[in-house]
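Shown here: query_1.pdb, PDB, C-alpha atoms.
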```pdb
ATOM      1  CA  MET A   1      19.847   2.858  22.915
ATOM      2  CA  THR A   2      21.559  -0.156  21.480
ATOM      3  CA  ALA A   3      23.690  -1.522  24.303
ATOM      4  CA  ARG A   4      25.496  -4.003  22.121
ATOM      5  CA  THR A   5      28.801  -2.781  20.751
ATOM      6  CA  ALA A   6      29.047  -2.546  16.985
ATOM      7  CA  ALA A   7      32.009  -4.057  15.162
ATOM      8  CA  TRP A   8      32.968  -5.566  11.825
ATOM      9  CA  HIS A   9      32.225  -9.271  11.551
ATOM     10  CA  ALA A  10      32.742 -12.063   9.044
ATOM     11  CA  ALA A  11      29.361 -13.496   8.040
ATOM     12  CA  THR A  12      28.620 -16.713   6.157
ATOM     13  CA  VAL A  13      25.494 -17.197   4.070
ATOM     14  CA  VAL A  14      23.719 -20.270   5.400
ATOM     15  CA  ALA A  15      20.439 -20.011   3.508
ATOM     16  CA  SER A  16      18.720 -17.766   1.006
ATOM     17  CA  ARG A  17      15.577 -17.799  -1.061
ATOM     18  CA  PRO A  18      13.550 -15.397  -3.189
ATOM     19  CA  GLU A  19      11.055 -13.361  -1.170
ATOM     20  CA  THR A  20       9.551 -11.637  -4.212
ATOM     21  CA  ALA A  21      10.537 -11.220  -7.857
ATOM     22  CA  THR A  22      13.092  -8.598  -6.835
ATOM     23  CA  ALA A  23      13.859  -9.365  -3.205
ATOM     24  CA  ARG A  24      15.799 -12.123  -1.502
ATOM     25  CA  ARG A  25      15.796 -13.390   2.056
ATOM     26  CA  ILE A  26      19.358 -13.985   3.203
ATOM     27  CA  GLU A  27      20.204 -15.815   6.419
ATOM     28  CA  LEU A  28      23.682 -15.242   7.836
ATOM     29  CA  GLU A  29      25.678 -17.006  10.511
ATOM     30  CA  VAL A  30      27.912 -14.533  12.322
ATOM     31  CA  PRO A  31      29.866 -16.308  15.086
ATOM     32  CA  THR A  32      30.955 -13.043  16.742
ATOM     33  CA  TRP A  33      27.555 -11.298  16.501
ATOM     34  CA  PRO A  34      26.487  -9.830  19.882
ATOM     35  CA  GLY A  35      22.767  -9.967  19.111
ATOM     36  CA  ASN A  36      20.673  -6.977  18.070
ATOM     37  CA  GLU A  37      17.642  -4.948  19.035
ATOM     38  CA  ALA A  38      14.552  -5.034  16.845
ATOM     39  CA  GLY A  39      14.901  -2.380  14.150
ATOM     40  CA  SER A  40      18.694  -2.370  14.075
ATOM     41  CA  HIS A  41      20.524  -2.317  10.787
ATOM     42  CA  LEU A  42      23.966  -3.317   9.582
ATOM     43  CA  ASP A  43      26.367  -2.281   6.870
ATOM     44  CA  VAL A  44      27.351  -4.865   4.284
ATOM     45  CA  ARG A  45      30.790  -4.382   2.722
ATOM     46  CA  LEU A  46      31.789  -6.059  -0.515
ATOM     47  CA  THR A  47      35.368  -6.121  -1.781
ATOM     48  CA  ALA A  48      36.200  -6.614  -5.461
ATOM     49  CA  PRO A  49      39.290  -8.573  -6.597
ATOM     50  CA  ASP A  50      41.026  -5.256  -7.341
ATOM     51  CA  GLY A  51      40.427  -4.044  -3.793
ATOM     52  CA  TYR A  52      37.528  -1.708  -4.553
ATOM     53  CA  GLN A  53      35.040  -1.699  -1.722
ATOM     54  CA  ALA A  54      31.386  -0.733  -1.528
ATOM     55  CA  SER A  55      29.165  -0.795   1.540
ATOM     56  CA  ARG A  56      25.443  -0.269   2.025
ATOM     57  CA  SER A  57      23.075  -0.357   4.991
ATOM     58  CA  TYR A  58      20.375  -3.005   5.335
ATOM     59  CA  SER A  59      17.794  -3.480   8.041
ATOM     60  CA  ILE A  60      17.813  -6.688  10.011
ATOM     61  CA  ALA A  61      14.602  -8.705   9.914
ATOM     62  CA  SER A  62      15.485 -10.640  13.064
ATOM     63  CA  ALA A  63      16.199  -9.581  16.631
ATOM     64  CA  GLY A  64      17.463 -10.834  19.944
ATOM     65  CA  PRO A  65      20.520 -12.724  21.143
ATOM     66  CA  GLY A  66      22.164 -15.306  18.951
ATOM     67  CA  THR A  67      24.501 -15.406  15.994
ATOM     68  CA  ARG A  68      21.971 -16.080  13.230
ATOM     69  CA  ILE A  69      20.614 -12.958  11.501
ATOM     70  CA  VAL A  70      18.182 -12.494   8.628
ATOM     71  CA  LEU A  71      18.205  -9.826   5.927
ATOM     72  CA  ALA A  72      15.602  -9.165   3.229
ATOM     73  CA  VAL A  73      17.273  -7.284   0.384
ATOM     74  CA  ASP A  74      15.245  -5.621  -2.358
ATOM     75  CA  GLU A  75      17.120  -5.139  -5.615
ATOM     76  CA  VAL A  76      17.603  -1.560  -6.718
ATOM     77  CA  PRO A  77      17.948  -1.401 -10.515
ATOM     78  CA  ASP A  78      21.400  -0.106 -11.432
ATOM     79  CA  GLY A  79      22.419  -0.432  -7.787
ATOM     80  CA  GLU A  80      25.964  -1.298  -6.854
ATOM     81  CA  VAL A  81      25.478  -3.758  -4.006
ATOM     82  CA  SER A  82      21.882  -5.019  -3.936
ATOM     83  CA  PRO A  83      21.958  -6.755  -7.397
ATOM     84  CA  PHE A  84      24.908  -8.839  -6.225
ATOM     85  CA  LEU A  85      23.188  -9.769  -2.969
ATOM     86  CA  VAL A  86      19.942 -10.691  -4.720
ATOM     87  CA  HIS A  87      21.336 -12.566  -7.730
ATOM     88  CA  ASP A  88      24.909 -13.671  -7.123
ATOM     89  CA  LEU A  89      25.325 -14.433  -3.445
ATOM     90  CA  ARG A  90      25.378 -18.172  -2.764
ATOM     91  CA  ASP A  91      25.159 -20.349   0.329
ATOM     92  CA  GLY A  92      28.615 -20.643   1.870
ATOM     93  CA  ASP A  93      29.770 -17.251   0.599
ATOM     94  CA  GLN A  94      31.351 -14.894   3.119
ATOM     95  CA  ILE A  95      30.678 -11.168   3.391
ATOM     96  CA  GLU A  96      31.675  -8.493   5.885
ATOM     97  CA  VAL A  97      29.000  -6.924   8.063
ATOM     98  CA  HIS A  98      29.232  -4.011  10.497
ATOM     99  CA  GLY A  99      26.757  -3.890  13.311
ATOM    100  CA  PRO A 100      24.480  -3.919  15.073
ATOM    101  CA  LEU A 101      23.829  -0.276  14.206
ATOM    102  CA  GLY A 102      21.134   2.234  15.050
ATOM    103  CA  ALA A 103      20.167   3.651  18.402
ATOM    104  CA  PHE A 104      17.058   5.566  17.363
ATOM    105  CA  PHE A 105      14.830   3.471  15.107
ATOM    106  CA  VAL A 106      14.681   0.454  17.406
ATOM    107  CA  TRP A 107      11.998  -1.067  19.593
ATOM    108  CA  MET A 108      12.548  -2.573  23.006
ATOM    109  CA  PRO A 109      10.065  -3.693  25.652
ATOM    110  CA  SER A 110       9.329  -0.842  28.047
ATOM    111  CA  ASP A 111       6.954   0.343  30.736
ATOM    112  CA  ASP A 112       5.346   2.838  28.340
ATOM    113  CA  PRO A 113       1.720   1.680  27.949
ATOM    114  CA  ALA A 114       1.071   3.794  24.834
ATOM    115  CA  PRO A 115       0.209   1.705  21.773
ATOM    116  CA  VAL A 116       2.677   1.446  18.920
ATOM    117  CA  GLN A 117       1.700   1.934  15.292
ATOM    118  CA  LEU A 118       4.186   0.713  12.689
ATOM    119  CA  ILE A 119       3.972   2.226   9.205
ATOM    120  CA  ALA A 120       6.223   1.333   6.281
ATOM    121  CA  GLY A 121       6.315   1.278   2.522
ATOM    122  CA  GLY A 122       8.050  -1.230   0.262
ATOM    123  CA  SER A 123      11.012  -3.050   1.719
ATOM    124  CA  GLY A 124      10.783  -0.647   4.659
ATOM    125  CA  VAL A 125       8.652  -3.335   6.236
ATOM    126  CA  VAL A 126      11.780  -5.357   7.107
ATOM    127  CA  PRO A 127      12.680  -3.771  10.477
ATOM    128  CA  LEU A 128       8.998  -3.641  11.380
ATOM    129  CA  PHE A 129       8.873  -7.403  10.981
ATOM    130  CA  ALA A 130      11.696  -7.648  13.523
ATOM    131  CA  MET A 131       9.834  -5.315  15.893
ATOM    132  CA  ALA A 132       6.599  -7.299  15.574
ATOM    133  CA  SER A 133       8.394 -10.566  16.195
ATOM    134  CA  ALA A 134      10.287  -9.171  19.179
ATOM    135  CA  HIS A 135       7.077  -7.757  20.617
ATOM    136  CA  ALA A 136       5.264 -11.051  20.216
ATOM    137  CA  ALA A 137       8.120 -12.913  21.894
ATOM    138  CA  SER A 138       8.215 -10.506  24.833
ATOM    139  CA  ALA A 139       5.957 -10.073  27.822
ATOM    140  CA  ASP A 140       5.223  -6.498  26.732
ATOM    141  CA  ALA A 141       1.439  -6.086  26.488
ATOM    142  CA  THR A 142       1.618  -2.838  24.501
ATOM    143  CA  PRO A 143      -0.876  -2.943  21.608
ATOM    144  CA  PHE A 144       0.893  -3.058  18.255
ATOM    145  CA  GLY A 145      -0.570  -2.016  14.918
ATOM    146  CA  CYS A 146       0.826  -2.063  11.410
ATOM    147  CA  SER A 147       0.125  -0.407   8.085
ATOM    148  CA  THR A 148       2.212  -1.423   5.079
ATOM    149  CA  PRO A 149       1.208   0.146   1.772
ATOM    150  CA  PHE A 150       3.396  -0.780  -1.195
ATOM    151  CA  ALA A 151       4.964  -3.692   0.658
ATOM    152  CA  PRO A 152       5.628  -6.759  -1.490
ATOM    153  CA  PRO A 153       2.527  -9.011  -1.319
ATOM    154  CA  THR A 154       4.297 -11.981   0.194
ATOM    155  CA  THR A 155       5.938  -9.847   2.838
ATOM    156  CA  CYS A 156       2.622  -8.192   3.642
ATOM    157  CA  SER A 157       0.994 -11.542   3.860
ATOM    158  CA  SER A 158       3.584 -13.033   6.164
ATOM    159  CA  LEU A 159       3.561  -9.950   8.330
ATOM    160  CA  THR A 160      -0.127  -9.408   8.733
ATOM    161  CA  SER A 161      -1.140 -13.046   8.912
ATOM    162  CA  SER A 162       1.524 -13.997  11.387
ATOM    163  CA  ARG A 163       0.030 -15.732  14.371
ATOM    164  CA  ARG A 164       2.782 -14.307  16.523
ATOM    165  CA  TRP A 165       1.963 -10.860  15.178
ATOM    166  CA  SER A 166      -1.525 -11.003  16.570
ATOM    167  CA  ALA A 167      -0.638 -12.866  19.728
ATOM    168  CA  ASN A 168      -0.351  -9.746  21.874
ATOM    169  CA  GLY A 169      -2.624  -6.748  21.983
ATOM    170  CA  SER A 170      -5.131  -6.012  19.267
ATOM    171  CA  PRO A 171      -3.228  -4.940  16.170
ATOM    172  CA  SER A 172      -4.845  -2.730  13.571
ATOM    173  CA  THR A 173      -3.260  -4.152  10.454
ATOM    174  CA  SER A 174      -3.810  -2.969   6.931
ATOM    175  CA  SER A 175      -1.966  -3.484   3.703
ATOM    176  CA  THR A 176      -2.401  -3.103  -0.016
ATOM    177  CA  PRO A 177      -0.904  -5.009  -2.922
ATOM    178  CA  ALA A 178       2.296  -3.674  -4.399
ATOM    179  CA  GLY A 179       1.584  -0.892  -6.811
ATOM    180  CA  PRO A 180       3.132   2.091  -8.525
ATOM    181  CA  ARG A 181       5.523   3.989  -6.301
ATOM    182  CA  GLU A 182       4.705   7.461  -7.485
ATOM    183  CA  ARG A 183       6.114  10.155  -5.275
ATOM    184  CA  GLY A 184       3.649  11.419  -2.767
ATOM    185  CA  VAL A 185       0.929   8.965  -3.693
ATOM    186  CA  CYS A 186      -0.360   6.784  -0.916
ATOM    187  CA  PRO A 187      -3.267   4.368  -0.989
ATOM    188  CA  ARG A 188      -6.338   4.846   1.165
ATOM    189  CA  THR A 189      -5.047   2.582   3.891
ATOM    190  CA  THR A 190      -2.377   5.117   4.721
ATOM    191  CA  ASP A 191      -3.757   8.483   3.761
ATOM    192  CA  ARG A 192      -4.776  11.165   6.215
ATOM    193  CA  ARG A 193      -8.163   9.496   6.675
ATOM    194  CA  GLY A 194      -6.767   6.007   6.984
ATOM    195  CA  PRO A 195      -6.157   3.896  10.065
ATOM    196  CA  ALA A 196      -2.496   4.799  10.297
ATOM    197  CA  CYS A 197      -3.240   8.478  10.693
ATOM    198  CA  ARG A 198      -6.191   7.970  12.944
ATOM    199  CA  GLY A 199      -3.842   6.075  15.178
ATOM    200  CA  HIS A 200      -4.644   3.203  17.409
ATOM    201  CA  PRO A 201      -8.248   3.275  18.591
ATOM    202  CA  GLY A 202      -8.651   4.784  22.007
ATOM    203  CA  ARG A 203      -5.351   6.537  22.496
ATOM    204  CA  PRO A 204      -4.336   8.064  19.210
ATOM    205  CA  ALA A 205      -2.579  11.062  20.699
ATOM    206  CA  ALA A 206      -0.349   8.874  22.817
ATOM    207  CA  ALA A 207       0.612   6.474  20.100
ATOM    208  CA  ARG A 208       4.262   5.942  19.351
ATOM    209  CA  LEU A 209       4.647   5.779  15.615
ATOM    210  CA  ARG A 210       7.442   4.414  13.528
ATOM    211  CA  LEU A 211       7.615   5.285   9.851
ATOM    212  CA  ARG A 212       9.849   4.104   7.089
ATOM    213  CA  THR A 213      10.467   4.975   3.411
ATOM    214  CA  ASP A 214      11.020   8.407   1.976
ATOM    215  CA  PRO A 215       9.110  10.448   0.613
ATOM    216  CA  PHE A 216       6.331   8.410   2.119
ATOM    217  CA  VAL A 217       7.795   9.388   5.502
ATOM    218  CA  GLU A 218       7.487  13.094   4.750
ATOM    219  CA  ALA A 219       3.851  12.827   3.700
ATOM    220  CA  VAL A 220       2.612  10.564   6.469
ATOM    221  CA  SER A 221       4.530  12.237   9.291
ATOM    222  CA  GLY A 222       3.012  15.562   8.219
ATOM    223  CA  TRP A 223      -0.477  14.087   8.283
ATOM    224  CA  LEU A 224       0.146  12.536  11.691
ATOM    225  CA  ILE A 225       1.172  15.877  13.148
ATOM    226  CA  GLU A 226      -1.900  17.462  11.520
ATOM    227  CA  ALA A 227      -3.977  14.760  13.236
ATOM    228  CA  GLY A 228      -2.619  15.778  16.634
ATOM    229  CA  HIS A 229       0.224  13.369  17.220
ATOM    230  CA  SER A 230       3.308  14.787  18.911
ATOM    231  CA  ALA A 231       6.329  15.010  16.627
ATOM    232  CA  ALA A 232       8.457  13.807  19.521
ATOM    233  CA  ARG A 233       6.543  10.519  19.534
ATOM    234  CA  ILE A 234       7.118   9.789  15.864
ATOM    235  CA  ARG A 235      10.287   7.910  15.010
ATOM    236  CA  THR A 236      11.237   7.833  11.376
ATOM    237  CA  GLU A 237      13.835   6.176   9.200
ATOM    238  CA  ARG A 238      14.412   6.996   5.547
ATOM    239  CA  PHE A 239      16.395   4.572   3.491
ATOM    240  CA  GLY A 240      17.840   4.704   0.038
ATOM    241  CA  GLY A 241      18.806   1.452  -1.540
ATOM    242  CA  SER A 242      21.538   0.854  -4.063
TER
ATOM    243  CA  MET B   1      23.091  11.733  -4.537
ATOM    244  CA  THR B   2      20.965   9.659  -2.183
ATOM    245  CA  LEU B   3      18.632  11.337   0.311
ATOM    246  CA  LEU B   4      18.701   9.613   3.679
ATOM    247  CA  ASP B   5      18.472  10.595   7.320
ATOM    248  CA  GLY B   6      20.809  10.512  10.275
ATOM    249  CA  ASN B   7      20.124   6.844  10.987
ATOM    250  CA  ALA B   8      22.375   6.110   8.011
ATOM    251  CA  LEU B   9      25.343   7.733   9.767
ATOM    252  CA  ALA B  10      25.534   5.018  12.414
ATOM    253  CA  GLY B  11      28.098   2.841  10.668
ATOM    254  CA  ARG B  12      30.448   5.596   9.536
ATOM    255  CA  LEU B  13      30.363   7.369  12.896
ATOM    256  CA  ASP B  14      31.034   4.110  14.698
ATOM    257  CA  ASP B  15      34.005   3.596  12.373
ATOM    258  CA  LEU B  16      35.362   7.091  12.988
ATOM    259  CA  LEU B  17      34.379   7.798  16.599
ATOM    260  CA  GLY B  18      34.119   4.312  18.043
ATOM    261  CA  TRP B  19      30.472   4.694  18.975
ATOM    262  CA  ASP B  20      27.071   5.186  17.372
ATOM    263  CA  ALA B  21      26.235   8.878  17.795
ATOM    264  CA  THR B  22      22.879   8.856  15.995
ATOM    265  CA  ALA B  23      20.855   9.143  19.213
ATOM    266  CA  SER B  24      22.883  12.171  20.306
ATOM    267  CA  GLY B  25      21.289  15.600  20.498
ATOM    268  CA  VAL B  26      22.468  18.282  18.078
ATOM    269  CA  ARG B  27      21.789  22.016  17.851
ATOM    270  CA  CYS B  28      22.015  23.900  14.580
ATOM    271  CA  THR B  29      24.332  26.896  14.950
ATOM    272  CA  HIS B  30      22.457  28.685  12.149
ATOM    273  CA  CYS B  31      18.789  28.474  13.206
ATOM    274  CA  GLY B  32      19.049  27.005  16.700
ATOM    275  CA  LEU B  33      16.871  23.962  15.983
ATOM    276  CA  THR B  34      17.603  21.082  18.341
ATOM    277  CA  GLY B  35      16.957  17.413  17.737
ATOM    278  CA  LEU B  36      18.559  14.020  17.481
ATOM    279  CA  LEU B  37      21.203  13.442  14.858
ATOM    280  CA  ALA B  38      19.127  10.494  13.593
ATOM    281  CA  THR B  39      16.481  12.919  12.327
ATOM    282  CA  ALA B  40      18.820  15.180  10.311
ATOM    283  CA  THR B  41      18.666  15.201   6.529
ATOM    284  CA  VAL B  42      21.587  13.270   5.049
ATOM    285  CA  TYR B  43      22.904  13.354   1.500
ATOM    286  CA  ALA B  44      25.253  10.525   0.558
ATOM    287  CA  SER B  45      27.469  10.167  -2.484
ATOM    288  CA  ALA B  46      30.725   8.486  -3.439
ATOM    289  CA  MET B  47      32.561  11.595  -2.247
ATOM    290  CA  GLY B  48      31.170  11.456   1.240
ATOM    291  CA  ILE B  49      28.248  12.390   3.445
ATOM    292  CA  VAL B  50      26.660  15.711   4.375
ATOM    293  CA  ALA B  51      24.144  15.999   7.217
ATOM    294  CA  ARG B  52      21.948  19.091   7.123
ATOM    295  CA  CYS B  53      19.534  20.745   9.540
ATOM    296  CA  ARG B  54      15.959  19.698   8.888
ATOM    297  CA  GLY B  55      14.802  23.214   9.723
ATOM    298  CA  CYS B  56      17.080  25.492   7.673
ATOM    299  CA  ASP B  57      19.260  23.134   5.604
ATOM    300  CA  ALA B  58      22.499  24.403   7.158
ATOM    301  CA  VAL B  59      25.362  21.912   7.270
ATOM    302  CA  LEU B  60      25.645  20.018  10.572
ATOM    303  CA  LEU B  61      28.241  17.393   9.782
ATOM    304  CA  THR B  62      30.431  16.226   6.919
ATOM    305  CA  VAL B  63      32.332  13.016   6.274
ATOM    306  CA  VAL B  64      34.783  12.918   3.393
ATOM    307  CA  ASP B  65      36.580   9.707   2.506
ATOM    308  CA  GLY B  66      39.931  10.096   0.793
ATOM    309  CA  PRO B  67      41.304   7.629  -1.768
ATOM    310  CA  ASP B  68      44.218   6.826   0.550
ATOM    311  CA  GLY B  69      41.954   5.437   3.260
ATOM    312  CA  ARG B  70      41.925   8.579   5.384
ATOM    313  CA  SER B  71      38.656  10.254   6.324
ATOM    314  CA  TRP B  72      37.799  13.784   7.397
ATOM    315  CA  LEU B  73      34.958  14.347   9.865
ATOM    316  CA  GLY B  74      33.615  17.876  10.300
ATOM    317  CA  PHE B  75      31.102  19.131  12.863
ATOM    318  CA  ARG B  76      29.233  22.407  12.474
ATOM    319  CA  ALA B  77      26.531  21.807  15.068
TER
END
```

Mind turning this structure into structure tokens?
Amino acid sequence: MTARTAAWHAATVVASRPETATARRIELEVPTWPGNEAGSHLDVRLTAPDGYQASRSYSIASAGPGTRIVLAVDEVPDGEVSPFLVHDLRDGDQIEVHGPLGAFFVWMPSDDPAPVQLIAGGSGVVPLFAMASAHAASADATPFGCSTPFAPPTTCSSLTSSRRWSANGSPSTSSTPAGPRERGVCPRTTDRRGPACRGHPGRPAAARLRLRTDPFVEAVSGWLIEAGHSAARIRTERFGGS
Amino acid sequence: MTLLDGNALAGRLDDLLGWDATASGVRCTHCGLTGLLATATVYASAMGIVARCRGCDAVLLTVVDGPDGRSWLGFRA
């Protein structure tokens, strides 16, 4: 469980750059931020000149103590908040953030020796990046694996080629280039015969699995249970951007 | 209407209750299914949020935000 108390904070954009054609990496300085666990998210609240407010949840791509946090926001066409964050937010701008949030879809070092398999689609890879980084920076020797179909190519590349990513354990990474996001269609790397559903070699039944993106989550979690994984060991998070 | 899960309730529940209840256990009063609130089905719209049982679709929790800044939180679990 997230031990750090959530609250509303004033955040200042200190750096940002395009991550893909539709996504932007945004680095925030939040002087009152208490730090966050890997996999935590926050709510961003925007206020219009007429007082209208809109807030949306975004996963945090960074973890640990400190007041600097990183978001990776994928634009949702016709969305209310993400187009502003991707196209209009500038260095020095201030926004309100509420966090750190989330007590379920987080990863922390533990004594559990079971390997961890991370599975995400699209921008769902963001919290997994935080988990992989936190794992690599910790003394936790738990084997980590990752499967990221549909993830943006540059994100996939930075995730799976990260030296820190492969520093601990023996990850079973797989990814495919971004492609059509038809409902219920998954590439071979993450179908019921793929490495994600076979689990980590050696101890598939004991694997702790973390899934992200709906309806991808529904399909893959069903296949994992079919393959013999315990539902209680599968942690899922479904997100809906806007 | 956006389909989410209980993880998305963390911010609103922290606003209303003062703590993040998404890792709390819930039991559906309709079908008896137990689980963590984080795993419930959540529908979000401008009118508010409805969390439903993943087993039988019965309502577990509602959050309605009024235009005057007040909010109504309802528990059925």

_Atomic separation - atom CA of Arg238 of chain A relative to atom CA of Phe75 of chain B, Å_ =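 The value is 21.9 Å.
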
*Find, counting only C-alpha atoms, the residue in A:Glu27, A:Glu19, A:Asp43, A:Asp140 that gets nearest to Asp15 of chain B.*
A:Asp43

*Residues matched by the ChimeraX specification (/B :<7) & /A, written as a count of residues only*: 10

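Atom CA of Leu13 of chain B is found 21.6 Å from atom CA of Leu33 of chain B.
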
*Closest to Arg70 of chain B among B:Ala40, B:Thr34, B:Gly48, B:Gly25, using all atoms listed in the file?*
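Looking only at the distances to Arg70 of chain B, the closest residue turns out to be B:Gly48.
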
*asked:* When you look at segment 57-64 of chain B with a cut-off of 7 Å (counting all atoms listed in the file), what residues show up, excluding the ones that are within fewer than 4 positions of it in the same chain? I need them as a list in words.
replied: Cys28, His30, Met47, Gly48, Ile49, Val50, Ala51, Arg52, Cys53, Ser71, Trp72, Leu73, Gly74, Phe75, Arg76 and Ala77 of chain B

Subset file: segment 93-108 of chain A, N, CA, C and O atoms, as a compact mmCIF listing (two decimals), in the first residue's frame:
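The resulting file, part_7.txt, is shown below:
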```txt
# COMPACT_ATOMS: atom_id res chain seq x y z
N ASP A 93 5.06 26.55 -17.15
CA ASP A 93 3.64 26.54 -16.82
C ASP A 93 3.40 25.80 -15.51
O ASP A 93 4.15 24.88 -15.16
N GLN A 94 2.34 26.20 -14.82
CA GLN A 94 1.97 25.52 -13.57
C GLN A 94 0.64 24.79 -13.75
O GLN A 94 -0.28 25.30 -14.39
N ILE A 95 0.57 23.59 -13.21
CA ILE A 95 -0.67 22.82 -13.19
C ILE A 95 -0.85 22.26 -11.79
O ILE A 95 0.10 22.25 -10.99
N GLU A 96 -2.07 21.81 -11.50
CA GLU A 96 -2.35 21.19 -10.21
C GLU A 96 -2.31 19.67 -10.37
O GLU A 96 -2.88 19.14 -11.33
N VAL A 97 -1.66 19.01 -9.44
CA VAL A 97 -1.63 17.54 -9.47
C VAL A 97 -2.05 17.00 -8.10
O VAL A 97 -1.76 17.61 -7.07
N HIS A 98 -2.73 15.87 -8.11
CA HIS A 98 -3.19 15.23 -6.89
C HIS A 98 -2.57 13.84 -6.82
O HIS A 98 -2.78 13.00 -7.68
N GLY A 99 -1.79 13.62 -5.78
CA GLY A 99 -1.15 12.32 -5.68
C GLY A 99 -0.18 12.27 -4.53
O GLY A 99 -0.11 13.20 -3.73
N PRO A 100 0.59 11.20 -4.43
CA PRO A 100 0.54 10.02 -5.31
C PRO A 100 -0.68 9.17 -5.00
O PRO A 100 -1.09 9.05 -3.84
N LEU A 101 -1.25 8.56 -6.04
CA LEU A 101 -2.47 7.78 -5.90
C LEU A 101 -2.25 6.33 -6.34
O LEU A 101 -1.40 6.05 -7.17
N GLY A 102 -3.07 5.46 -5.79
CA GLY A 102 -3.02 4.06 -6.19
C GLY A 102 -2.31 3.20 -5.17
O GLY A 102 -1.14 3.43 -4.85
N ALA A 103 -3.06 2.25 -4.62
CA ALA A 103 -2.49 1.36 -3.61
C ALA A 103 -2.45 -0.08 -4.10
O ALA A 103 -1.97 -0.95 -3.40
N PHE A 104 -2.94 -0.31 -5.30
CA PHE A 104 -3.07 -1.68 -5.80
C PHE A 104 -2.09 -1.98 -6.93
O PHE A 104 -1.35 -2.96 -6.87
N PHE A 105 -2.08 -1.13 -7.94
CA PHE A 105 -1.24 -1.38 -9.11
C PHE A 105 0.12 -0.73 -8.93
O PHE A 105 0.52 0.18 -9.65
N VAL A 106 0.83 -1.14 -7.88
CA VAL A 106 2.15 -0.59 -7.60
C VAL A 106 3.11 -1.76 -7.35
O VAL A 106 2.70 -2.86 -6.98
N TRP A 107 4.39 -1.49 -7.55
CA TRP A 107 5.40 -2.51 -7.25
C TRP A 107 6.38 -1.95 -6.24
O TRP A 107 6.83 -0.80 -6.36
N MET A 108 6.67 -2.79 -5.25
CA MET A 108 7.67 -2.43 -4.25
C MET A 108 8.55 -3.65 -4.01
O MET A 108 8.08 -4.79 -4.13
```
